[in-house]
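A.B. asks: This is the content of start_28.cif (mmCIF, C-alpha atoms and all ligand atoms):
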```cif
data_my_file
loop_
_atom_site.group_PDB
_atom_site.id
_atom_site.type_symbol
_atom_site.label_atom_id
_atom_site.label_comp_id
_atom_site.auth_asym_id
_atom_site.auth_seq_id
_atom_site.Cartn_x
_atom_site.Cartn_y
_atom_site.Cartn_z
ATOM 1 C CA MET P 1 14.109 18.199 -9.249
ATOM 2 C CA ILE P 2 16.238 15.377 -10.635
ATOM 3 C CA ALA P 3 16.820 15.339 -14.393
ATOM 4 C CA LEU P 4 15.590 12.256 -16.228
ATOM 5 C CA THR P 5 17.912 10.266 -18.482
ATOM 6 C CA ASP P 6 16.960 9.353 -22.049
ATOM 7 C CA ASP P 7 16.339 5.770 -20.898
ATOM 8 C CA GLN P 8 13.983 7.029 -18.180
ATOM 9 C CA LEU P 9 12.158 9.343 -20.575
ATOM 10 C CA LEU P 10 11.564 6.296 -22.794
ATOM 11 C CA ARG P 11 10.654 3.805 -20.074
ATOM 12 C CA TYR P 12 8.207 6.153 -18.380
ATOM 13 C CA ALA P 13 6.894 7.825 -21.550
ATOM 14 C CA ARG P 14 3.285 6.750 -20.941
ATOM 15 C CA ASN P 15 3.357 8.244 -17.453
ATOM 16 C CA ILE P 16 4.965 11.451 -18.676
ATOM 17 C CA LEU P 17 2.443 11.913 -21.480
ATOM 18 C CA LEU P 18 -0.223 12.532 -18.870
ATOM 19 C CA PRO P 19 -0.310 16.275 -18.179
ATOM 20 C CA GLU P 20 -1.049 15.528 -14.505
ATOM 21 C CA VAL P 21 2.219 13.604 -14.244
ATOM 22 C CA ASP P 22 4.599 15.126 -16.801
ATOM 23 C CA VAL P 23 8.376 15.068 -16.290
ATOM 24 C CA SER P 24 8.105 16.688 -12.874
ATOM 25 C CA GLY P 25 5.662 14.041 -11.597
ATOM 26 C CA GLN P 26 7.909 11.272 -12.892
ATOM 27 C CA ALA P 27 10.873 12.883 -11.156
ATOM 28 C CA THR P 28 8.804 12.908 -7.964
ATOM 29 C CA LEU P 29 8.032 9.199 -8.344
ATOM 30 C CA LEU P 30 11.710 8.421 -8.928
ATOM 31 C CA ALA P 31 12.645 10.348 -5.792
ATOM 32 C CA SER P 32 9.927 8.745 -3.643
ATOM 33 C CA HIS P 33 10.360 6.159 -0.905
ATOM 34 C CA VAL P 34 7.293 4.001 -0.257
ATOM 35 C CA ALA P 35 6.974 1.343 2.452
ATOM 36 C CA VAL P 36 4.820 -1.659 1.520
ATOM 37 C CA ILE P 37 3.587 -3.588 4.552
ATOM 38 C CA GLY P 38 2.373 -7.029 3.513
ATOM 39 C CA VAL P 39 3.926 -8.667 0.457
ATOM 40 C CA GLY P 40 1.024 -10.991 -0.349
ATOM 41 C CA GLY P 41 -2.116 -10.799 -2.464
ATOM 42 C CA LEU P 42 -2.599 -7.032 -2.168
ATOM 43 C CA GLY P 43 1.106 -6.268 -1.963
ATOM 44 C CA SER P 44 1.744 -8.084 -5.251
ATOM 45 C CA PRO P 45 -0.033 -5.620 -7.559
ATOM 46 C CA VAL P 46 1.057 -2.714 -5.359
ATOM 47 C CA ILE P 47 4.708 -3.694 -5.792
ATOM 48 C CA GLN P 48 4.272 -4.543 -9.475
ATOM 49 C CA TYR P 49 2.736 -1.216 -10.413
ATOM 50 C CA LEU P 50 4.885 0.960 -8.165
ATOM 51 C CA ALA P 51 8.093 -0.664 -9.424
ATOM 52 C CA ALA P 52 6.909 -0.425 -13.027
ATOM 53 C CA ALA P 53 5.936 3.229 -12.530
ATOM 54 C CA GLY P 54 9.438 4.002 -11.312
ATOM 55 C CA VAL P 55 8.891 4.684 -7.611
ATOM 56 C CA GLY P 56 12.549 4.983 -6.721
ATOM 57 C CA HIS P 57 12.762 3.200 -3.388
ATOM 58 C CA LEU P 58 10.504 0.471 -2.016
ATOM 59 C CA SER P 59 10.829 -0.837 1.548
ATOM 60 C CA LEU P 60 9.133 -4.228 1.784
ATOM 61 C CA ILE P 61 7.988 -5.471 5.194
ATOM 62 C CA ASP P 62 6.673 -9.024 5.728
ATOM 63 C CA ASP P 63 7.793 -11.911 7.931
ATOM 64 C CA ASP P 64 6.151 -14.712 5.896
ATOM 65 C CA ARG P 65 7.690 -17.204 3.507
ATOM 66 C CA VAL P 66 6.165 -18.179 0.154
ATOM 67 C CA GLU P 67 3.799 -21.141 0.537
ATOM 68 C CA ALA P 68 2.005 -23.205 -2.094
ATOM 69 C CA THR P 69 -1.368 -21.811 -0.973
ATOM 70 C CA ASN P 70 -0.150 -18.252 -1.754
ATOM 71 C CA LEU P 71 0.476 -18.840 -5.453
ATOM 72 C CA GLN P 72 -3.202 -18.766 -6.468
ATOM 73 C CA ARG P 73 -3.241 -14.985 -5.930
ATOM 74 C CA GLN P 74 0.151 -13.612 -4.852
ATOM 75 C CA VAL P 75 1.357 -13.201 -8.398
ATOM 76 C CA ILE P 76 4.822 -11.743 -7.819
ATOM 77 C CA HIS P 77 5.851 -15.034 -6.187
ATOM 78 C CA ASP P 78 6.232 -18.201 -8.242
ATOM 79 C CA THR P 79 6.796 -21.916 -7.797
ATOM 80 C CA SER P 80 10.574 -21.548 -7.762
ATOM 81 C CA GLN P 81 10.315 -19.277 -4.699
ATOM 82 C CA LEU P 82 8.489 -21.739 -2.429
ATOM 83 C CA GLY P 83 10.017 -21.533 1.044
ATOM 84 C CA VAL P 84 11.811 -18.257 0.284
ATOM 85 C CA SER P 85 10.992 -15.188 2.368
ATOM 86 C CA LYS P 86 8.337 -13.117 0.615
ATOM 87 C CA VAL P 87 10.376 -9.934 0.774
ATOM 88 C CA ALA P 88 13.358 -11.643 -0.908
ATOM 89 C CA SER P 89 11.087 -13.155 -3.547
ATOM 90 C CA ALA P 90 9.519 -9.736 -4.160
ATOM 91 C CA ARG P 91 12.937 -8.075 -4.383
ATOM 92 C CA ASP P 92 13.931 -10.584 -7.087
ATOM 93 C CA PHE P 93 10.723 -9.778 -8.954
ATOM 94 C CA VAL P 94 11.339 -6.014 -8.799
ATOM 95 C CA GLN P 95 14.933 -6.403 -9.957
ATOM 96 C CA ARG P 96 13.756 -8.344 -13.014
ATOM 97 C CA LEU P 97 11.029 -5.799 -13.749
ATOM 98 C CA ASN P 98 12.869 -2.542 -13.107
ATOM 99 C CA PRO P 99 16.485 -2.781 -11.917
ATOM 100 C CA GLU P 100 16.718 0.915 -11.140
ATOM 101 C CA VAL P 101 14.240 0.627 -8.268
ATOM 102 C CA ARG P 102 16.040 0.381 -4.948
ATOM 103 C CA VAL P 103 14.517 -2.289 -2.714
ATOM 104 C CA THR P 104 15.062 -2.551 1.028
ATOM 105 C CA VAL P 105 13.746 -5.762 2.588
ATOM 106 C CA HIS P 106 12.651 -6.310 6.163
ATOM 107 C CA ALA P 107 11.728 -9.941 6.820
ATOM 108 C CA GLN P 108 9.879 -9.047 9.971
ATOM 109 C CA ARG P 109 6.447 -8.104 11.194
ATOM 110 C CA LEU P 110 5.806 -4.475 12.116
ATOM 111 C CA THR P 111 6.025 -4.135 15.931
ATOM 112 C CA PRO P 112 5.999 -1.231 18.393
ATOM 113 C CA ASP P 113 9.751 -1.778 18.799
ATOM 114 C CA ASN P 114 10.721 -1.695 15.133
ATOM 115 C CA CYS P 115 8.066 0.503 13.488
ATOM 116 C CA MET P 116 9.879 3.799 13.970
ATOM 117 C CA ALA P 117 13.095 2.438 12.474
ATOM 118 C CA LEU P 118 11.372 0.629 9.582
ATOM 119 C CA LEU P 119 9.256 3.604 8.544
ATOM 120 C CA GLN P 120 11.759 6.415 8.956
ATOM 121 C CA ASP P 121 12.450 8.527 5.868
ATOM 122 C CA VAL P 122 9.394 7.069 4.128
ATOM 123 C CA ASP P 123 7.222 9.361 2.005
ATOM 124 C CA LEU P 124 4.148 7.117 2.091
ATOM 125 C CA VAL P 125 3.043 3.833 3.664
ATOM 126 C CA VAL P 126 0.771 1.352 1.907
ATOM 127 C CA ILE P 127 -0.554 -1.566 3.913
ATOM 128 C CA GLY P 128 -2.289 -4.696 2.705
ATOM 129 C CA THR P 129 -1.659 -7.203 5.456
ATOM 130 C CA ASP P 130 -4.548 -9.046 7.126
ATOM 131 C CA ASN P 131 -2.874 -8.428 10.479
ATOM 132 C CA PHE P 132 -4.910 -5.781 12.313
ATOM 133 C CA ALA P 133 -2.209 -5.095 14.911
ATOM 134 C CA SER P 134 0.132 -3.993 12.121
ATOM 135 C CA ARG P 135 -2.590 -1.797 10.640
ATOM 136 C CA TYR P 136 -3.274 0.001 13.921
ATOM 137 C CA LEU P 137 0.432 0.413 14.513
ATOM 138 C CA ALA P 138 1.110 1.798 11.035
ATOM 139 C CA ASN P 139 -1.896 4.108 11.407
ATOM 140 C CA ALA P 140 -0.685 5.532 14.726
ATOM 141 C CA LEU P 141 2.864 6.013 13.515
ATOM 142 C CA CYS P 142 1.837 7.577 10.198
ATOM 143 C CA GLN P 143 -0.497 9.954 12.006
ATOM 144 C CA GLN P 144 2.217 10.929 14.463
ATOM 145 C CA GLN P 145 4.846 11.384 11.737
ATOM 146 C CA GLN P 146 2.405 12.947 9.214
ATOM 147 C CA ILE P 147 3.079 10.263 6.617
ATOM 148 C CA PRO P 148 0.232 9.602 4.140
ATOM 149 C CA LEU P 149 -1.209 6.094 4.405
ATOM 150 C CA VAL P 150 -3.104 3.891 1.921
ATOM 151 C CA THR P 151 -4.916 0.815 3.228
ATOM 152 C CA GLY P 152 -6.765 -1.960 1.475
ATOM 153 C CA ALA P 153 -8.425 -5.218 2.411
ATOM 154 C CA ALA P 154 -9.975 -8.062 0.458
ATOM 155 C CA ILE P 155 -11.663 -11.294 1.336
ATOM 156 C CA GLY P 156 -13.882 -13.727 -0.487
ATOM 157 C CA THR P 157 -15.329 -11.752 -3.393
ATOM 158 C CA SER P 158 -15.179 -8.245 -1.951
ATOM 159 C CA GLY P 159 -12.696 -5.597 -0.953
ATOM 160 C CA GLN P 160 -12.205 -2.010 0.100
ATOM 161 C CA VAL P 161 -9.666 0.811 -0.012
ATOM 162 C CA SER P 162 -9.195 4.079 1.874
ATOM 163 C CA SER P 163 -6.397 6.643 2.164
ATOM 164 C CA PHE P 164 -5.351 8.953 4.962
ATOM 165 C CA ASP P 165 -3.855 12.399 4.509
ATOM 166 C CA PHE P 166 -1.994 12.784 7.771
ATOM 167 C CA ALA P 167 -0.278 15.936 6.584
ATOM 168 C CA HIS P 168 -3.526 17.654 7.590
ATOM 169 C CA GLN P 169 -4.586 17.562 11.224
ATOM 170 C CA ALA P 170 -8.318 17.253 10.625
ATOM 171 C CA THR P 171 -8.101 14.004 8.683
ATOM 172 C CA PRO P 172 -9.783 10.919 10.148
ATOM 173 C CA CYS P 173 -7.568 7.898 10.810
ATOM 174 C CA PHE P 174 -7.840 4.138 10.285
ATOM 175 C CA GLU P 175 -8.975 3.690 13.877
ATOM 176 C CA CYS P 176 -11.811 6.190 13.315
ATOM 177 C CA LEU P 177 -12.992 3.880 10.539
ATOM 178 C CA TYR P 178 -12.359 0.632 12.397
ATOM 179 C CA PRO P 179 -12.438 1.140 16.178
ATOM 180 C CA LYS P 180 -10.322 -1.389 18.022
ATOM 181 C CA GLY P 181 -12.289 -4.397 19.230
ATOM 182 C CA GLN P 182 -14.807 -4.201 16.382
ATOM 183 C CA GLU P 183 -12.502 -5.432 13.653
ATOM 184 C CA GLU P 184 -13.560 -8.550 11.810
ATOM 185 C CA GLN P 185 -11.339 -11.489 12.528
ATOM 186 C CA LEU P 186 -11.784 -13.091 9.112
ATOM 187 C CA SER P 187 -8.679 -13.884 7.129
ATOM 188 C CA CYS P 188 -8.039 -15.270 3.676
ATOM 189 C CA ALA P 189 -6.525 -18.337 5.325
ATOM 190 C CA THR P 190 -9.890 -19.287 6.781
ATOM 191 C CA ALA P 191 -12.447 -17.593 4.538
ATOM 192 C CA GLY P 192 -10.856 -17.876 1.090
ATOM 193 C CA VAL P 193 -10.396 -15.207 -1.572
ATOM 194 C CA LEU P 194 -10.311 -15.153 -5.357
ATOM 195 C CA GLY P 195 -7.121 -13.906 -7.005
ATOM 196 C CA PRO P 196 -8.656 -11.167 -9.158
ATOM 197 C CA VAL P 197 -10.242 -9.667 -6.029
ATOM 198 C CA VAL P 198 -6.879 -8.945 -4.412
ATOM 199 C CA GLY P 199 -5.494 -8.057 -7.848
ATOM 200 C CA THR P 200 -8.158 -5.396 -8.361
ATOM 201 C CA ILE P 201 -8.040 -3.964 -4.856
ATOM 202 C CA GLY P 202 -4.222 -3.951 -4.859
ATOM 203 C CA SER P 203 -4.217 -2.140 -8.197
ATOM 204 C CA ILE P 204 -6.474 0.543 -6.753
ATOM 205 C CA MET P 205 -4.117 0.875 -3.792
ATOM 206 C CA ALA P 206 -1.196 1.368 -6.219
ATOM 207 C CA MET P 207 -3.242 4.019 -8.035
ATOM 208 C CA GLU P 208 -3.892 5.814 -4.756
ATOM 209 C CA VAL P 209 -0.164 5.801 -3.960
ATOM 210 C CA ILE P 210 0.715 7.333 -7.331
ATOM 211 C CA LYS P 211 -2.087 9.911 -7.029
ATOM 212 C CA ILE P 212 -0.936 11.016 -3.597
ATOM 213 C CA LEU P 213 2.749 11.166 -4.579
ATOM 214 C CA VAL P 214 2.178 13.298 -7.683
ATOM 215 C CA HIS P 215 -0.861 15.208 -6.314
ATOM 216 C CA LEU P 216 -3.164 13.839 -9.003
ATOM 217 C CA GLY P 217 -6.951 14.009 -8.688
ATOM 218 C CA GLN P 218 -8.758 13.218 -5.465
ATOM 219 C CA PRO P 219 -7.420 10.370 -3.363
ATOM 220 C CA LEU P 220 -9.773 8.430 -1.067
ATOM 221 C CA PHE P 221 -9.152 10.778 1.869
ATOM 222 C CA GLY P 222 -12.121 10.517 4.248
ATOM 223 C CA ARG P 223 -13.754 8.073 1.851
ATOM 224 C CA LEU P 224 -14.057 4.302 1.857
ATOM 225 C CA LEU P 225 -14.342 2.594 -1.515
ATOM 226 C CA THR P 226 -15.988 -0.816 -1.424
ATOM 227 C CA TRP P 227 -16.355 -3.424 -4.146
ATOM 228 C CA ASP P 228 -18.623 -6.443 -4.312
ATOM 229 C CA ALA P 229 -17.255 -8.503 -7.180
ATOM 230 C CA ARG P 230 -20.241 -10.894 -7.237
ATOM 231 C CA VAL P 231 -22.514 -8.165 -8.579
ATOM 232 C CA MET P 232 -19.766 -5.732 -9.687
ATOM 233 C CA ASP P 233 -21.042 -3.059 -7.363
ATOM 234 C CA TRP P 234 -18.721 -0.175 -6.381
ATOM 235 C CA GLN P 235 -19.669 2.232 -3.629
ATOM 236 C CA THR P 236 -17.975 5.132 -1.859
ATOM 237 C CA PHE P 237 -18.805 6.183 1.695
ATOM 238 C CA ASN P 238 -17.687 9.405 3.349
ATOM 239 C CA TYR P 239 -16.566 9.259 6.954
ATOM 240 C CA GLY P 240 -15.123 11.720 9.436
ATOM 241 C CA ARG P 241 -13.146 11.691 12.616
ATOM 242 C CA ALA P 242 -14.687 9.468 15.299
ATOM 243 C CA LYS P 243 -15.466 11.428 18.459
ATOM 244 C CA ASN P 244 -13.691 9.159 20.869
ATOM 245 C CA CYS P 245 -10.944 7.790 18.669
ATOM 246 C CA PRO P 246 -8.000 7.339 21.061
ATOM 247 C CA CYS P 247 -5.559 7.756 18.207
ATOM 248 C CA CYS P 248 -6.998 11.136 17.180
ATOM 249 C CA THR P 249 -7.460 12.314 20.778
ATOM 250 C CA GLU P 250 -3.694 12.421 21.070
ATOM 251 C CA THR P 251 -3.496 14.774 18.106
ATOM 252 C CA PRO P 252 -6.526 17.034 18.731
ATOM 253 C CA LEU P 253 -7.926 19.264 16.018
HETATM 254 ZN ZN ZN P 301 -8.878 8.420 14.570
#
```
Let me see the file written as structure tokens.
Ligand SMILES: [Zn+2]

C.D. replies:
Amino acid sequence: MIALTDDQLLRYARNILLPEVDVSGQATLLASHVAVIGVGGLGSPVIQYLAAAGVGHLSLIDDDRVEATNLQRQVIHDTSQLGVSKVASARDFVQRLNPEVRVTVHAQRLTPDNCMALLQDVDLVVIGTDNFASRYLANALCQQQQIPLVTGAAIGTSGQVSSFDFAHQATPCFECLYPKGQEEQLSCATAGVLGPVVGTIGSIMAMEVIKILVHLGQPLFGRLLTWDARVMDWQTFNYGRAKNCPCCTETPL
């Protein structure tokens, strides 16, 4: 376990005060490498809270540039970053917030060709892109490499989060939850979304990441959390492995 400096003990004091985190949990966060796929509305609070919490190494993956229409909800980007790649803008944000966090940027979309290289040596993957191909790809790779995965989605006035514990063979995967071909093709670009919706869902994703890294509480493994902001209704649904999931068939129980 790495020893914390006096500056770190001060900066992370409110984490360390929690018995479930303590100095050892903070040391784990500082030693952790998390890949964030999608540096937009959900990625913003994920990156904010993980950098603030002292997750030691963030790999940011996104091929978009900051556009004016992003600024209503993607709160780590600002007007001065218009036209800049989102990963570079996010790196600047993290460096201002917490300079001791190492940031690796990949201004590219996750593809079958690059996914192995981009996600190697990663302790956890968190994905909040509205690109389903990237989600399926990250799911398959994380399952194969036994990397825990946190996913979230938000649109309009609702959102959802689930986590996947691929260290254990029996865990269902993202494709069990959303079989290919049945995914909704809605996106924020066409359907709209309110900023606090992605802010809330992204914050829950960040919480899931911290919980999984420090083994705190019960992450949303095998559970889907949904939120309808119009009526402030939260629900949790249990789900298991889908019988014919092609992803899980390759790693049988
Ligand atoms: Zn599956």

A.B. asks: Can you tell me how far atom CA of Leu224 of chain P sits from atom CA of Gln48 of chain P, in Å to one decimal?

C.D. replies: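 So the two atoms, atom CA of Leu224 of chain P and atom CA of Gln48 of chain P, lie 23.3 Å apart.
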
A.B. asks: Could you tell me which of P:Gly83, P:Gly181, P:Pro172, P:Pro196 comes closest to Cys245 of chain P if we count only C-alpha atoms?

C.D. replies: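 Result for the nearest residue to Cys245 of chain P: P:Pro172.
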
A.B. asks: Write out as a tab-separated table a residue-level contact list of chain P versus ligand ZN 301 (chain P) with cut-off 9 Å: for each qualifying residue the closest pair of atoms and the distance in Å to one decimal, counting all atoms listed in the file, rows sorted by chain and residue number upward.

C.D. replies:
```
residue	atom	partner	partner_atom	distance
P:Asn139	CA	P:ZN301	ZN	8.8
P:Ala140	CA	P:ZN301	ZN	8.7
P:Gln143	CA	P:ZN301	ZN	8.9
P:Thr171	CA	P:ZN301	ZN	8.2
P:Pro172	CA	P:ZN301	ZN	5.2
P:Cys173	CA	P:ZN301	ZN	4.0
P:Phe174	CA	P:ZN301	ZN	6.1
P:Glu175	CA	P:ZN301	ZN	4.8
P:Cys176	CA	P:ZN301	ZN	3.9
P:Leu177	CA	P:ZN301	ZN	7.3
P:Tyr178	CA	P:ZN301	ZN	8.8
P:Pro179	CA	P:ZN301	ZN	8.3
P:Gly240	CA	P:ZN301	ZN	8.7
P:Arg241	CA	P:ZN301	ZN	5.7
P:Ala242	CA	P:ZN301	ZN	5.9
P:Lys243	CA	P:ZN301	ZN	8.2
P:Asn244	CA	P:ZN301	ZN	8.0
P:Cys245	CA	P:ZN301	ZN	4.6
P:Pro246	CA	P:ZN301	ZN	6.6
P:Cys247	CA	P:ZN301	ZN	5.0
P:Cys248	CA	P:ZN301	ZN	4.2
P:Thr249	CA	P:ZN301	ZN	7.5
```

A.B. asks: Could you expand the PyMOL selection byres (((chain P and resi 13) around 12) and not hetatm) into the explicit residues it covers here, written as a list in words?

C.D. replies: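 Applying the expression gives Leu4, Thr5, Asp6, Asp7, Gln8, Leu9, Leu10, Arg11, Tyr12, Arg14, Asn15, Ile16, Leu17, Leu18, Pro19, Val21, Asp22, Val23, Gly25, Gln26, Ala52, Ala53 and Gly54 of chain P.
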
A.B. asks: Would you put the residues from that selection into a file with C-alpha atoms, as a CSV table (one decimal), keeping the file's coordinate frame?

C.D. replies:
```csv
chain,number,residue,atom,x,y,z
P,4,LEU,CA,15.6,12.3,-16.2
P,5,THR,CA,17.9,10.3,-18.5
P,6,ASP,CA,17.0,9.4,-22.0
P,7,ASP,CA,16.3,5.8,-20.9
P,8,GLN,CA,14.0,7.0,-18.2
P,9,LEU,CA,12.2,9.3,-20.6
P,10,LEU,CA,11.6,6.3,-22.8
P,11,ARG,CA,10.7,3.8,-20.1
P,12,TYR,CA,8.2,6.2,-18.4
P,14,ARG,CA,3.3,6.8,-20.9
P,15,ASN,CA,3.4,8.2,-17.5
P,16,ILE,CA,5.0,11.5,-18.7
P,17,LEU,CA,2.4,11.9,-21.5
P,18,LEU,CA,-0.2,12.5,-18.9
P,19,PRO,CA,-0.3,16.3,-18.2
P,21,VAL,CA,2.2,13.6,-14.2
P,22,ASP,CA,4.6,15.1,-16.8
P,23,VAL,CA,8.4,15.1,-16.3
P,25,GLY,CA,5.7,14.0,-11.6
P,26,GLN,CA,7.9,11.3,-12.9
P,52,ALA,CA,6.9,-0.4,-13.0
P,53,ALA,CA,5.9,3.2,-12.5
P,54,GLY,CA,9.4,4.0,-11.3
```

A.B. asks: May I have the centre and edge lengths, in Å to one decimal, of an axis-aligned box around the listed atoms of segment 137-145 of chain P with 5 Å added to every side, as lines of an AutoDock Vina configuration file?

C.D. replies:
```
center_x = 1.5
center_y = 5.9
center_z = 12.5
size_x = 16.7
size_y = 21.0
size_z = 14.5
```

A.B. asks: Just to confirm, what's the straight-line distance from atom CA of Ile2 of chain P to atom CA of Leu97 of chain P in Å (one decimal)?

C.D. replies: 22.0 Å

A.B. asks: As an exercise, work out the distance from atom CA of Leu220 of chain P to atom CA of Ile201 of chain P in Å and give it to one decimal place.

C.D. replies: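 Atom-to-atom, atom CA of Leu220 of chain P and atom CA of Ile201 of chain P are spaced 13.1 Å apart.
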
A.B. asks: Taking only C-alpha atoms into account, which of P:Lys180, P:Arg91, P:Arg96, P:Arg73 comes nearest Phe132 of chain P?

C.D. replies: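 Closest candidate: P:Lys180.
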
A.B. asks: Given all atoms listed in the file as the basis, pick out the residue of P:Leu60, P:Val101, P:Ala229, P:Gly41 nearest to His77 of chain P.

C.D. replies: P:Gly41

A.B. asks: Give the answer as one residue: which of P:Leu149, P:Val36, P:Leu82, P:Leu30 has the shortest atom-to-atom distance to Gly128 of chain P, using only C-alpha atoms?

C.D. replies: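 Result for the nearest residue to Gly128 of chain P: P:Val36.
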
A.B. asks: If the PyMOL selection byres (((chain P and resi 161) around 12) and not hetatm) were run on this exact file, what residues would it hold? Put them as a PyMOL selection string.

C.D. replies: chain P and resi 42+126-128+149-154+158-160+162-164+174+177+198+200-209+219-227+234-237

A.B. asks: In terms of the shortest atom-to-atom distance over all atoms listed in the file, which of P:Asp233, P:Asp228, P:Thr129, P:Val34 is closest to Arg102 of chain P?

C.D. replies: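 Selected residue with least distance to Arg102 of chain P: P:Val34.
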
A.B. asks: Please write the residues picked by the PyMOL selection byres (((chain P and resi 44) around 8) and not hetatm) on this file as a list in words.

C.D. replies: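 This file, filtered by the PyMOL selection byres (((chain P and resi 44) around 8) and not hetatm), leaves Val39, Gly40, Gly41, Leu42, Gly43, Pro45, Val46, Ile47, Gln48, Gln74, Val75, Ile76, Gly199 and Gly202 of chain P.
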
A.B. asks: With only C-alpha atoms as the counted atoms, please give the residues lying no more than 8 Å from segment 120-122 of chain P, apart from itself and same-chain residues fewer than 5 positions off, as a list of chain:residue names.

C.D. replies: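 The filter keeps P:Ser32, P:His33, P:Val34, P:Ala35, P:Ile147.
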
A.B. asks: Considering only C-alpha atoms, state which residue in the set P:Gln108, P:Thr28, P:Thr157, P:Gln144 is at the smallest distance from His57 of chain P.

C.D. replies: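 Smallest separation from His57 of chain P among the options: P:Thr28.
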
A.B. asks: For Thr111 of chain P, find every residue with an atom within 12 Å (counting all atoms listed in the file), except residues of its own chain fewer than 6 positions away, and show them as a list of chain:residue names.

C.D. replies: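 Answer for this query is P:Ile37, P:Ile61, P:Asp62, P:Asp63, P:Ala117, P:Leu118, P:Leu119, P:Asn131, P:Phe132, P:Ala133, P:Ser134, P:Arg135, P:Tyr136, P:Leu137, P:Ala138, P:Ala140, P:Leu141.
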
A.B. asks: Can segment 163-179 of chain P be brought up to N, CA and C atoms and written out as an mmCIF file, keeping the file's coordinate frame?

C.D. replies:
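What ended up in out_4.cif:
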```
data_model
loop_
_atom_site.group_PDB
_atom_site.id
_atom_site.type_symbol
_atom_site.label_atom_id
_atom_site.label_comp_id
_atom_site.auth_asym_id
_atom_site.auth_seq_id
_atom_site.Cartn_x
_atom_site.Cartn_y
_atom_site.Cartn_z
ATOM 1 N N SER P 163 -7.689 5.978 2.022
ATOM 2 C CA SER P 163 -6.397 6.643 2.164
ATOM 3 C C SER P 163 -6.499 7.716 3.243
ATOM 4 N N PHE P 164 -5.369 8.043 3.814
ATOM 5 C CA PHE P 164 -5.351 8.953 4.962
ATOM 6 C C PHE P 164 -4.289 10.021 4.740
ATOM 7 N N ASP P 165 -4.727 11.268 4.810
ATOM 8 C CA ASP P 165 -3.855 12.399 4.509
ATOM 9 C C ASP P 165 -3.361 12.995 5.818
ATOM 10 N N PHE P 166 -2.394 12.352 6.428
ATOM 11 C CA PHE P 166 -1.994 12.784 7.771
ATOM 12 C C PHE P 166 -1.182 14.072 7.788
ATOM 13 N N ALA P 167 -0.939 14.629 6.602
ATOM 14 C CA ALA P 167 -0.278 15.936 6.584
ATOM 15 C C ALA P 167 -1.233 17.003 7.123
ATOM 16 N N HIS P 168 -2.536 16.698 7.103
ATOM 17 C CA HIS P 168 -3.526 17.654 7.590
ATOM 18 C C HIS P 168 -4.161 17.133 8.873
ATOM 19 N N GLN P 169 -4.165 17.966 9.880
ATOM 20 C CA GLN P 169 -4.586 17.562 11.224
ATOM 21 C C GLN P 169 -6.012 17.036 11.286
ATOM 22 N N ALA P 170 -6.902 17.586 10.465
ATOM 23 C CA ALA P 170 -8.318 17.253 10.625
ATOM 24 C C ALA P 170 -8.693 15.898 10.026
ATOM 25 N N THR P 171 -7.767 15.229 9.401
ATOM 26 C CA THR P 171 -8.101 14.004 8.683
ATOM 27 C C THR P 171 -8.473 12.882 9.653
ATOM 28 N N PRO P 172 -9.510 12.094 9.316
ATOM 29 C CA PRO P 172 -9.783 10.919 10.148
ATOM 30 C C PRO P 172 -8.673 9.878 9.973
ATOM 31 N N CYS P 173 -8.620 8.915 10.889
ATOM 32 C CA CYS P 173 -7.568 7.898 10.810
ATOM 33 C C CYS P 173 -8.200 6.513 10.645
ATOM 34 N N PHE P 174 -7.365 5.513 10.486
ATOM 35 C CA PHE P 174 -7.840 4.138 10.285
ATOM 36 C C PHE P 174 -8.664 3.663 11.480
ATOM 37 N N GLU P 175 -8.267 4.124 12.670
ATOM 38 C CA GLU P 175 -8.975 3.690 13.877
ATOM 39 C C GLU P 175 -10.331 4.388 14.015
ATOM 40 N N CYS P 176 -10.479 5.565 13.376
ATOM 41 C CA CYS P 176 -11.811 6.190 13.315
ATOM 42 C C CYS P 176 -12.757 5.306 12.499
ATOM 43 N N LEU P 177 -12.205 4.713 11.454
ATOM 44 C CA LEU P 177 -12.992 3.880 10.539
ATOM 45 C C LEU P 177 -13.270 2.513 11.149
ATOM 46 N N TYR P 178 -12.251 1.960 11.772
ATOM 47 C CA TYR P 178 -12.359 0.632 12.397
ATOM 48 C C TYR P 178 -11.905 0.703 13.847
ATOM 49 N N PRO P 179 -12.835 1.073 14.768
ATOM 50 C CA PRO P 179 -12.438 1.140 16.178
ATOM 51 C C PRO P 179 -11.904 -0.213 16.658
#
```
